[in-house]
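Structure below is target-v2.txt: compact mmCIF, C-alpha atoms.
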# COMPACT_ATOMS: atom_id res chain seq x y z
CA MET A 1 30.22 54.52 -10.51
CA ILE A 2 28.62 51.39 -11.89
CA ILE A 3 31.92 49.69 -12.78
CA PRO A 4 33.64 50.19 -9.38
CA CYS A 5 30.52 48.94 -7.62
CA LEU A 6 30.40 45.92 -9.90
CA ILE A 7 34.06 45.18 -9.19
CA ILE A 8 33.48 45.37 -5.44
CA PHE A 9 30.38 43.17 -5.70
CA THR A 10 32.30 40.63 -7.79
CA TRP A 11 35.19 40.56 -5.25
CA ILE A 12 32.79 40.02 -2.34
CA SER A 13 30.88 37.31 -4.20
CA PHE A 14 34.10 35.55 -5.20
CA ASN A 15 35.36 35.50 -1.64
CA HIS A 16 32.06 34.40 -0.11
CA SER A 17 30.64 31.98 -2.67
CA GLY A 18 32.40 28.78 -1.69
CA VAL A 19 36.02 29.61 -2.55
CA ARG A 20 37.99 28.07 0.30
CA SER A 21 41.70 27.92 0.99
CA ILE A 22 41.41 26.04 4.32
CA ARG A 23 40.30 22.44 4.32
CA ASP A 24 39.98 19.43 6.61
CA VAL A 25 39.77 21.29 9.91
CA GLN A 26 39.39 18.75 12.74
CA LEU A 27 39.22 19.16 16.50
CA ASP A 28 39.96 16.00 18.45
CA PHE A 29 39.96 15.15 22.16
CA PRO A 30 38.27 12.52 24.34
CA SER A 31 34.59 13.26 24.71
CA VAL A 32 34.67 12.23 28.39
CA VAL A 33 37.54 12.92 30.80
CA ALA A 34 37.76 11.91 34.49
CA ILE A 35 38.10 14.76 36.94
CA GLY A 36 41.71 15.61 37.80
CA GLU A 37 43.09 14.00 34.65
CA PRO A 38 44.92 15.86 31.83
CA VAL A 39 43.41 16.19 28.36
CA LEU A 40 45.04 16.83 25.00
CA LEU A 41 43.26 19.09 22.49
CA GLU A 42 44.36 18.62 18.88
CA CYS A 43 43.33 20.88 16.00
CA ARG A 44 44.47 19.84 12.52
CA PHE A 45 43.99 21.68 9.23
CA ASN A 46 45.22 22.03 5.65
CA MET A 47 46.09 25.53 4.39
CA GLU A 48 46.69 24.37 0.79
CA ASN A 49 49.83 26.52 0.50
CA GLU A 50 48.18 29.67 1.80
CA SER A 51 49.64 31.94 4.47
CA LEU A 52 48.33 31.43 7.99
CA TYR A 53 46.89 34.44 9.76
CA SER A 54 45.78 32.87 13.05
CA VAL A 55 44.80 29.78 15.02
CA LYS A 56 42.53 30.43 17.99
CA LEU A 57 41.03 28.14 20.62
CA TYR A 58 37.81 28.92 22.46
CA LYS A 59 35.87 27.60 25.41
CA GLY A 60 32.33 28.66 24.80
CA SER A 61 32.57 32.23 23.51
CA LYS A 62 35.84 32.98 25.34
CA GLU A 63 39.19 32.80 23.59
CA PHE A 64 41.82 31.17 25.79
CA LEU A 65 44.73 30.71 23.34
CA HIS A 66 45.90 32.03 20.00
CA PHE A 67 48.86 31.74 17.67
CA ILE A 68 49.21 34.67 15.21
CA PRO A 69 52.55 34.85 13.33
CA GLU A 70 52.12 38.59 12.65
CA PHE A 71 51.97 39.39 16.37
CA SER A 72 54.89 39.74 18.74
CA PRO A 73 54.84 37.49 20.60
CA PRO A 74 52.72 35.30 18.33
CA TYR A 75 51.58 33.00 21.16
CA SER A 76 49.25 34.10 23.97
CA VAL A 77 47.15 32.36 26.63
CA TYR A 78 44.24 34.09 28.37
CA PRO A 79 42.76 33.20 31.76
CA VAL A 80 39.49 31.30 31.45
CA ARG A 81 37.87 29.46 34.34
CA GLY A 82 38.53 25.72 34.18
CA ILE A 83 41.40 26.07 31.68
CA ASN A 84 44.97 25.33 32.75
CA VAL A 85 47.26 25.20 29.69
CA LYS A 86 50.35 23.11 30.44
CA SER A 87 52.03 22.96 27.03
CA THR A 88 51.44 23.75 23.36
CA ASN A 89 52.95 22.28 20.19
CA MET A 90 52.43 24.13 16.92
CA SER A 91 53.34 22.47 13.66
CA LEU A 92 53.24 24.33 10.33
CA GLU A 93 54.95 22.50 7.52
CA PRO A 94 57.91 22.67 7.50
CA LEU A 95 58.31 24.39 10.92
CA SER A 96 57.32 23.36 14.46
CA VAL A 97 57.08 25.43 17.64
CA HIS A 98 56.88 24.17 21.23
CA TYR A 99 55.71 26.12 24.29
CA HIS A 100 55.81 24.81 27.87
CA ASP A 101 54.15 26.75 30.70
CA GLY A 102 53.90 29.70 28.30
CA GLN A 103 57.59 29.74 27.44
CA LEU A 104 58.97 29.20 23.94
CA LYS A 105 61.22 26.09 23.90
CA GLN A 106 63.21 26.52 20.69
CA SER A 107 66.05 28.69 19.40
CA LYS A 108 64.91 29.22 15.83
CA SER A 109 63.41 32.55 14.90
CA LEU A 110 59.68 32.71 14.24
CA ALA A 111 60.17 35.31 11.53
CA ALA A 112 60.11 32.55 8.93
CA LEU A 113 56.43 31.91 9.73
CA LYS A 114 55.36 35.35 8.57
CA ASN A 115 53.76 35.15 5.12
CA ALA A 116 55.05 31.57 4.79
CA LYS A 117 53.08 29.24 2.57
CA VAL A 118 51.68 26.47 4.72
CA GLY A 119 50.47 23.01 3.86
CA ASN A 120 49.27 20.83 6.73
CA GLY A 121 49.16 22.38 10.18
CA GLU A 122 48.42 21.19 13.70
CA ILE A 123 48.21 22.64 17.18
CA GLN A 124 48.29 20.44 20.29
CA VAL A 125 47.33 21.91 23.64
CA GLN A 126 47.75 19.97 26.88
CA LEU A 127 45.33 20.92 29.68
CA SER A 128 46.08 19.76 33.21
CA GLY A 129 43.91 19.33 36.28
CA VAL A 130 40.53 18.93 34.62
CA ASN A 131 37.68 20.08 36.90
CA LEU A 132 33.94 20.60 36.58
CA TYR A 133 34.48 24.03 35.00
CA THR A 134 36.61 22.48 32.24
CA GLN A 135 33.61 20.85 30.61
CA GLY A 136 31.77 22.64 27.83
CA LEU A 137 32.00 23.52 24.15
CA TYR A 138 35.44 23.97 22.60
CA GLY A 139 36.17 25.60 19.27
CA CYS A 140 39.18 25.77 16.96
CA GLU A 141 39.25 28.68 14.51
CA VAL A 142 41.74 28.76 11.64
CA SER A 143 42.08 31.87 9.47
CA ALA A 144 44.10 32.42 6.29
CA ASP A 145 45.95 35.63 5.52
CA SER A 146 45.15 37.92 2.60
CA PRO A 147 43.96 37.80 -0.05
CA SER A 148 41.37 35.12 0.83
CA TRP A 149 40.91 35.77 4.58
CA ASP A 150 39.20 32.40 4.65
CA THR A 151 38.12 31.28 8.14
CA ARG A 152 36.96 27.90 9.39
CA ILE A 153 35.83 26.91 12.86
CA VAL A 154 34.92 23.52 14.31
CA ILE A 155 33.21 22.91 17.65
CA ARG A 156 33.12 19.92 19.97
CA ARG A 157 31.87 19.27 23.51
CA LEU A 158 33.98 17.98 26.41
CA HIS A 159 32.34 16.18 29.34
CA VAL A 160 33.89 15.76 32.78
CA LEU A 161 33.16 12.55 34.67
CA VAL A 162 33.21 12.06 38.45
CA GLU A 163 32.77 8.41 39.40
CA PRO A 164 31.32 7.45 42.80
CA LYS A 165 33.76 6.24 45.42
CA ARG A 166 31.31 3.60 46.67
CA GLN A 167 28.73 1.20 45.28
CA PRO A 168 25.11 2.36 45.25
CA GLU A 169 23.23 1.69 48.49
CA ILE A 170 19.80 0.10 48.88
CA SER A 171 17.73 1.02 51.93
CA GLY A 172 14.28 -0.05 53.11
CA VAL A 173 15.04 -3.78 52.99
CA GLU A 174 13.18 -5.84 55.62
CA THR A 175 14.37 -9.13 57.09
CA LEU A 176 11.29 -11.04 55.96
CA TYR A 177 8.28 -10.19 53.82
CA LYS A 178 4.76 -11.60 53.79
CA PRO A 179 3.29 -12.77 50.47
CA GLY A 180 1.79 -9.74 48.69
CA GLN A 181 3.58 -7.23 50.91
CA ASP A 182 4.64 -3.93 49.29
CA LEU A 183 8.30 -3.13 48.71
CA GLN A 184 9.50 0.38 49.52
CA LEU A 185 13.15 0.43 48.42
CA ILE A 186 15.50 3.36 47.81
CA CYS A 187 18.72 3.12 45.75
CA VAL A 188 21.21 5.95 46.37
CA SER A 189 24.25 6.82 44.24
CA LYS A 190 26.29 9.53 45.96
CA ASN A 191 28.62 12.28 44.74
CA THR A 192 28.78 11.74 40.98
CA TYR A 193 28.88 13.94 37.95
CA PRO A 194 26.70 13.93 36.01
CA ALA A 195 23.77 12.47 37.94
CA ALA A 196 23.80 8.67 37.89
CA ASN A 197 21.25 6.77 35.83
CA ILE A 198 19.71 4.09 38.09
CA THR A 199 17.94 0.99 36.77
CA TRP A 200 16.04 -1.56 38.88
CA TYR A 201 15.90 -5.33 38.32
CA LEU A 202 13.85 -8.04 40.05
CA ASP A 203 15.19 -11.54 39.40
CA GLY A 204 17.08 -10.13 36.41
CA ARG A 205 13.97 -8.53 34.89
CA LYS A 206 14.06 -4.77 34.38
CA VAL A 207 11.31 -2.91 36.22
CA GLU A 208 10.33 0.74 36.17
CA SER A 209 11.24 2.89 39.13
CA SER A 210 8.55 4.70 41.07
CA GLY A 211 10.41 8.02 40.94
CA VAL A 212 13.81 9.73 40.93
CA ASP A 213 15.16 12.85 42.57
CA THR A 214 18.59 14.47 42.73
CA VAL A 215 20.43 16.63 45.25
CA THR A 216 23.32 18.91 44.24
CA GLU A 217 25.96 18.94 46.95
CA PRO A 218 28.00 22.05 47.86
CA THR A 219 30.91 20.50 45.92
CA GLY A 220 28.85 20.55 42.73
CA LEU A 221 28.57 16.77 42.73
CA ILE A 222 25.16 15.11 42.56
CA THR A 223 23.44 12.49 44.74
CA THR A 224 20.70 10.50 42.97
CA ASN A 225 17.81 8.72 44.74
CA SER A 226 15.69 6.16 42.87
CA TYR A 227 12.56 4.61 44.41
CA LEU A 228 10.94 1.21 43.85
CA ASN A 229 7.41 0.43 45.11
CA SER A 230 6.14 -3.01 44.19
CA SER A 231 4.56 -6.13 45.66
CA VAL A 232 6.30 -9.47 46.21
CA TYR A 233 4.72 -12.91 46.46
CA HIS A 234 7.86 -15.03 46.58
CA SER A 235 11.55 -14.54 47.37
CA VAL A 236 13.31 -12.41 44.73
CA GLU A 237 16.69 -10.80 44.05
CA ALA A 238 16.48 -7.02 43.89
CA LYS A 239 19.29 -5.15 42.13
CA CYS A 240 19.90 -1.50 41.33
CA LEU A 241 22.43 -0.59 38.64
CA ALA A 242 24.00 2.89 38.60
CA SER A 243 25.66 4.06 35.39
CA LEU A 244 27.36 7.21 34.09
CA TRP A 245 26.97 7.26 30.31
CA THR A 246 28.81 4.17 29.04
CA HIS A 247 31.94 4.73 31.11
CA HIS A 248 30.97 3.50 34.57
CA TYR A 249 28.71 0.78 35.98
CA GLN A 250 28.15 -0.27 39.60
CA SER A 251 25.40 -2.37 41.13
CA LYS A 252 24.06 -3.54 44.48
CA LYS A 253 22.02 -6.70 45.11
CA TYR A 254 19.76 -7.95 47.90
CA VAL A 255 17.80 -11.20 48.17
CA LEU A 256 14.35 -10.38 49.55
CA LEU A 257 13.00 -13.34 51.52
CA VAL A 258 9.24 -13.92 51.49
CA LYS A 259 7.71 -16.10 54.23
CA ASP A 260 5.94 -19.17 52.84
CA PRO A 261 2.16 -19.20 53.51
CA PRO A 262 0.90 -21.73 56.16
CA MET A 263 0.14 -25.16 54.69
CA ALA A 264 -3.49 -26.44 54.97
CA SER A 265 -3.82 -29.85 56.70
CA VAL A 266 -4.24 -32.65 54.15
CA ARG A 267 -5.63 -36.07 55.16
CA THR A 268 -4.27 -38.91 53.10
CA ASN A 269 -6.04 -42.16 52.29
CA GLN A 270 -3.79 -43.92 54.78
CA THR A 271 -4.92 -41.51 57.51
CA LYS A 272 -8.56 -42.10 56.59
CA GLN A 273 -8.09 -45.90 56.67
CA ARG A 274 -6.47 -45.65 60.11
CA SER A 275 -9.40 -43.62 61.36
CA LEU A 276 -11.86 -46.07 59.91
CA SER A 277 -10.04 -49.06 61.41
CA VAL A 278 -10.08 -47.38 64.80
CA ILE A 279 -13.80 -46.74 64.47
CA GLU A 280 -14.45 -50.27 63.26
CA THR A 281 -12.41 -51.78 66.12
CA SER A 282 -14.26 -49.73 68.68
CA SER A 283 -17.66 -50.69 67.22
CA ALA A 284 -16.81 -54.40 67.28
CA GLY A 285 -15.86 -54.17 70.96
CA ASP A 286 -19.25 -52.63 71.89
CA MET A 287 -21.36 -55.28 70.07
CA GLY A 288 -19.66 -58.49 71.19
CA ARG A 289 -17.95 -58.76 74.55
CA PRO A 290 -15.66 -61.74 75.48
CA ALA A 291 -17.48 -64.94 76.79
CA GLU A 292 -15.67 -64.83 80.13
CA LEU A 293 -17.80 -61.85 81.17
CA TYR A 294 -21.09 -63.84 80.78
CA LEU A 295 -20.03 -67.21 82.44
CA PRO A 296 -20.92 -66.27 86.06
CA ILE A 297 -24.40 -65.20 84.94
CA LEU A 298 -24.97 -68.54 83.16
CA ILE A 299 -23.85 -70.50 86.20
CA PHE A 300 -26.23 -68.50 88.41
CA PHE A 301 -29.24 -69.21 86.19
CA PHE A 302 -28.32 -72.93 85.92
CA THR A 303 -28.07 -73.31 89.72
CA CYS A 304 -31.40 -71.59 90.28
CA ASN A 305 -33.06 -73.90 87.79
CA LEU A 306 -31.74 -77.06 89.56
CA TYR A 307 -32.96 -75.80 92.94
CA LEU A 308 -36.49 -75.15 91.67
CA ASN A 309 -36.69 -78.63 90.10
CA HIS A 310 -35.65 -80.23 93.46
CA LEU A 311 -38.39 -78.43 95.36
CA LEU A 312 -40.99 -79.55 92.91

This entry written out as structure tokens:
Amino acid sequence: MIIPCLIIFTWISFNHSGVRSIRDVQLDFPSVVAIGEPVLLECRFNMENESLYSVKLYKGSKEFLHFIPEFSPPYSVYPVRGINVKSTNMSLEPLSVHYHDGQLKQSKSLAALKNAKVGNGEIQVQLSGVNLYTQGLYGCEVSADSPSWDTRIVIRRLHVLVEPKRQPEISGVETLYKPGQDLQLICVSKNTYPAANITWYLDGRKVESSGVDTVTEPTGLITTNSYLNSSVYHSVEAKCLASLWTHHYQSKKYVLLVKDPPMASVRTNQTKQRSLSVIETSSAGDMGRPAELYLPILIFFFTCNLYLNHLL
């Protein structure tokens, strides 16, 4: 009993201690896809002249496509929400297989794939009509046939992008501000996916927002509101920038006008000199009147004096 158990233990250890027949498994597709656009999933691998048992594609934990040469038919697609398989190309050196809308598009028999030794392999799956349910984790699982039964799986995430149809909007802008008056601005980016990231700038300088909230619309799209509360003392340019990852940027600008404070009256030296000259002129007029005003009085006194001398 000891020898059979040892043989079984050795076989299990040999097949699970790093002995691999599948190498270089890669799953490629754009990390971000715009809604409504197609996307191509590509899974490449190297069987190192082993027989292929299966290639399977998953979205999350759900299998939506497989290619298994031992099965009849070897190719199957399963309904998964958000997945619409348009076409599939399967390449196993030296054979290639093409399916379109689930139908095999070649005349050669697939019997040659059974137990065939395979080098490099690749499966290309075209998905059409990407929607919000298409996003998520995708996996490609490649399994070798006996005796190794080696299996490799790679996983990658797909994001779906919905860009806004309009620029962000700024509300709460007043026609004119007083120096030191508080700003109460709201920047709104409507109907995006994911939620927009909004950044505020005053005269080109980044400032922190006073708060952000989001609203999920019935369509599944998101409206983002960002608030800015600050004080202004001079005219400034306010800008909000809405971005979706590194794939989309839109901004809106407003020039906020601040009323200049009233100027204090300033008296110049020239004004002071004018005032002084006026004062000086007026003073001179009070102290010395023109001689014509005193002549009748002098004549009167002179006449009186002559009359008194005559009487005496």

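Non-sequential neighbours of range 239-250 of chain A (distance at most 6 Å, separation of 4 or more positions within a chain, all atoms listed in the file) are A:Gln167, A:Ala196, A:Asn197, A:Ile198, A:Thr199, A:Trp200, A:Tyr201.
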
Pick from A:Val55, A:Leu183, A:Val160, A:Val207, whichever lies nearest to Glu37 in chain A using all atoms listed in the file: A:Val160

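Closest to Asp28 in chain A among A:Arg157, A:Arg81, A:Lys86, A:Lys56 is A:Arg157, based on all atoms listed in the file.
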
Test item: residues at most 9 Å from Glu141 in chain A, all atoms listed in the file, excluding those fewer than 5 positions along its chain, as number ranges by chain: A: 25, 43, 54-58, 151-155

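For the pair CA of Leu202 in chain A and CA of Thr216 in chain A, the interatomic distance is 28.9 Å.
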
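The spacing separating CA of Glu169 in chain A from CA of Asn225 in chain A amounts to 9.6 Å.
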